[in-house]
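Undergrad: Structure provided below as structure tokens; questions to follow.
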Amino acid sequence: MSETWQEGHVPVNTPARSGDPLGVAPHGALAAAWLAGSICSQVSRSGGRSRVCVARPPVTMSAAPPVFLGSDVVEKHLHSASLLIPSLEAALANFSSGAEGGVVQPMRTVVPVQKYGGFLGVMPAYSARDDTLTTKLVMDGSVITAKRTAAVSAIATKFLMPADAEVLCILGAGVQAYSHYELFTEQFSFKEVRIWNRTKENAVKFARSVKGPVRVCSSAQEAVTGADVILTVTVARTPILFGEWIKPGAHINAVGASRPDWRELDDEAMKNSVLYVDSREAAQNESGDVILSGAEIFAELGEVIKGTKPALPEKTTVFKSLGMAIEDTVAAKLVYDSWLAGN
């Protein structure tokens with residue numbers, strides 16, 4: 001059997017061709033990185049994303065079809081993003097250690113799909129520490145994406161937010177807003193949470209559906225003014241956060257705008273902040289916020305975790321999060337290990 005990518009869906013089974021490795025026939029989104037190990041294939045269409053994470057052995061031959069874990073199973077075994085924090089801290093530090101860290105992660109391959117206004121991204125990685133290529137499975141990646149992204153933002157925030165942070169601001173009301181809110185209100189003690197979204201109805205829905213009080217703001221500026229920690233989790237292609245609004249010493253997690261010509265932050269916000277990233281190489285090639293502003297990267301988050309670069313919580317800071325395959329690898333392994341223990 002093989003996995004065939006269908007637009008907006010997880011793989012479905014189709015007959016294998018004879019002679020294909022592992023007794024399966026790679027097609028579509030998975031074909032380009034078939035033997036690369038842990039793969040996250042991402043389709044973005046009209047602002048939405050679908051993802052599939054795959055872990056496979058690079059050389060072992062087997063005719064057995066892979067196990068598929070759907071989003072409900074992934075959620076069961078990854079019920080809290082906080083479970084990921086220790087492993088992700090280690091993975092980020094290993095990534096920023098170069099060859100000695102044992103992380104092999106080429107740049108994300110992106111195929112634009114103009115007809116649908118989206119793109120396909122293929123993200124392979126291997127971690128020597130976790131040795132994920134000894135596992136064999138295919139799992140829906142939507143839950144993993146939401147929770148590992150929030151977990152990495154929380155790690156950055158732990159190091160970079162001001163010591164007396166009281167106000168959390170969320171710009172955006174989609175999946176990432178929910179996952180970040182859940183983890184941030186668990187990990188940190190904010191006295192006030194604010195949200196803004198271009199479609200106010202979605203912000204109101206968010207405020208009504210989450211646990212705890214959330215103030216719905218009528219403008220992004222209203223939400224940002226005086227905030228200590230700011231999350232930009234939007235599908236914006238032009239800036240929605242402006243430097244003149246930002247409180248000195250605030251920390252910003254910039255999660256959206258994952259393409260070279262997309263932005264969430266304006267030049268002032270980028271240039272007047274100390275800039276941290278998950279990957280220098282990725283940020284310099286994929287982040288419109290970084291590329292178009294010309295902002296200088298101060299450090300990778302992994303360097304801060306290792307202690308080779310300082311965290312500067314007394315400064316205004318930005319963490320530009322693009323998401324990395326090694327994060328998916330670590331998260332997928334945690335889910336697999338939990339699932340395997342119960343089977």
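By convention in this document, the chains of the structure tokens carry letters A, B, ... by their order, each chain's residues are numbered from 1, and ligands are numbered from 1 in the order they are shown.
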I'd like the contact shell of A:Ile170 - 7 Å cut-off, only C-alpha atoms, skipping same-chain residues fewer than 3 positions apart - returned as an mmCIF file with N, CA and C atoms, in the first residue's frame.
TA:
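Below is the file that was written, around08.cif:
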```cif
data_model
loop_
_atom_site.group_PDB
_atom_site.id
_atom_site.type_symbol
_atom_site.label_atom_id
_atom_site.label_comp_id
_atom_site.auth_asym_id
_atom_site.auth_seq_id
_atom_site.Cartn_x
_atom_site.Cartn_y
_atom_site.Cartn_z
ATOM 1 N N ALA A 177 -3.742 30.315 17.733
ATOM 2 C CA ALA A 177 -4.178 31.141 18.862
ATOM 3 C C ALA A 177 -4.667 30.257 20.001
ATOM 4 N N ARG A 194 -5.618 39.576 26.071
ATOM 5 C CA ARG A 194 -6.366 40.312 25.060
ATOM 6 C C ARG A 194 -6.268 39.586 23.722
ATOM 7 N N ILE A 195 -7.277 39.742 22.898
ATOM 8 C CA ILE A 195 -7.237 39.163 21.560
ATOM 9 C C ILE A 195 -7.818 40.138 20.543
ATOM 10 N N TRP A 196 -7.222 40.123 19.364
ATOM 11 C CA TRP A 196 -7.749 40.870 18.220
ATOM 12 C C TRP A 196 -7.691 39.966 17.008
ATOM 13 N N ILE A 230 3.469 39.479 23.283
ATOM 14 C CA ILE A 230 2.599 39.588 22.110
ATOM 15 C C ILE A 230 2.800 38.361 21.235
ATOM 16 N N LEU A 231 1.704 37.737 20.833
ATOM 17 C CA LEU A 231 1.738 36.606 19.905
ATOM 18 C C LEU A 231 1.102 37.037 18.596
ATOM 19 N N THR A 232 1.830 36.926 17.499
ATOM 20 C CA THR A 232 1.233 37.155 16.183
ATOM 21 C C THR A 232 1.065 35.796 15.519
#
```
Undergrad: Between A:Ala173, A:Ala223, A:Ala257, A:Leu334, single out the one closest to A:Val210, counting only C-alpha atoms.
TA: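 Closest candidate: A:Ala173.
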Undergrad: From a DSSP pass on the backbone, collect the residues of stretch 229-330 of chain A flagged as helix (DSSP H, G or I) and hand them back as a ChimeraX atom specification.
TA: /A:243-245,267-271,280-286,288-293,301-306,325-330
Undergrad: Got a sec: who's within 12 Å of stretch 74-83 of chain A, counting only C-alpha atoms, leaving out chain neighbours fewer than 4 positions off, as a ChimeraX atom specification?
TA: /A:52-53,68-70,87-89,138-155,176,178-188,330-342
Undergrad: Please extract the residues of stretch 140-262 of chain A with a backbone DSSP assignment of strand (DSSP E or B) and present them as a PyMOL selection string.
TA: chain A and resi 140+167-171+192-196+215-216+229-232+241+251-254
Undergrad: Within 9 Å of A:Leu92, counting only C-alpha atoms, which residues show up once you throw out same-chain ones fewer than 4 positions away? Write them as a PyMOL selection string, please.
TA: chain A and resi 87-88+96-97+152+278+300-303+305-306+326-327
Undergrad: Any idea what's packed within 10 Å of A:Leu312, counting only C-alpha atoms, ignoring anything in its chain fewer than 2 positions away? Could you give it as a PyMOL selection string?
TA: chain A and resi 159-162+249+251+274+304+309-310+314-317
Undergrad: Quick one: contact table of stretch 221-330 of chain A to stretch 104-110 of chain A, 12 Å max, nearest atom pair and distance in Å to one decimal per residue, counting only C-alpha atoms, chain and number order, as a Markdown table?
TA:
```
| residue | atom | partner | partner_atom | distance |
| --- | --- | --- | --- | --- |
| A:Ser258 | CA | A:Val110 | CA | 10.9 |
| A:Arg259 | CA | A:Val110 | CA | 9.5 |
| A:Pro260 | CA | A:Val110 | CA | 11.3 |
| A:Ser279 | CA | A:Met107 | CA | 9.9 |
| A:Arg280 | CA | A:Met107 | CA | 10.9 |
| A:Glu281 | CA | A:Met107 | CA | 7.8 |
| A:Ala282 | CA | A:Met107 | CA | 6.7 |
| A:Ala283 | CA | A:Met107 | CA | 10.5 |
| A:Gln284 | CA | A:Met107 | CA | 11.1 |
| A:Asn285 | CA | A:Met107 | CA | 9.0 |
| A:Glu286 | CA | A:Arg108 | CA | 8.9 |
| A:Leu322 | CA | A:Arg108 | CA | 10.3 |
| A:Gly323 | CA | A:Arg108 | CA | 9.9 |
| A:Met324 | CA | A:Gln105 | CA | 8.3 |
| A:Ala325 | CA | A:Gln105 | CA | 6.9 |
| A:Ile326 | CA | A:Gln105 | CA | 7.0 |
| A:Glu327 | CA | A:Gln105 | CA | 10.5 |
| A:Asp328 | CA | A:Gln105 | CA | 11.4 |
| A:Thr329 | CA | A:Gln105 | CA | 10.4 |
```
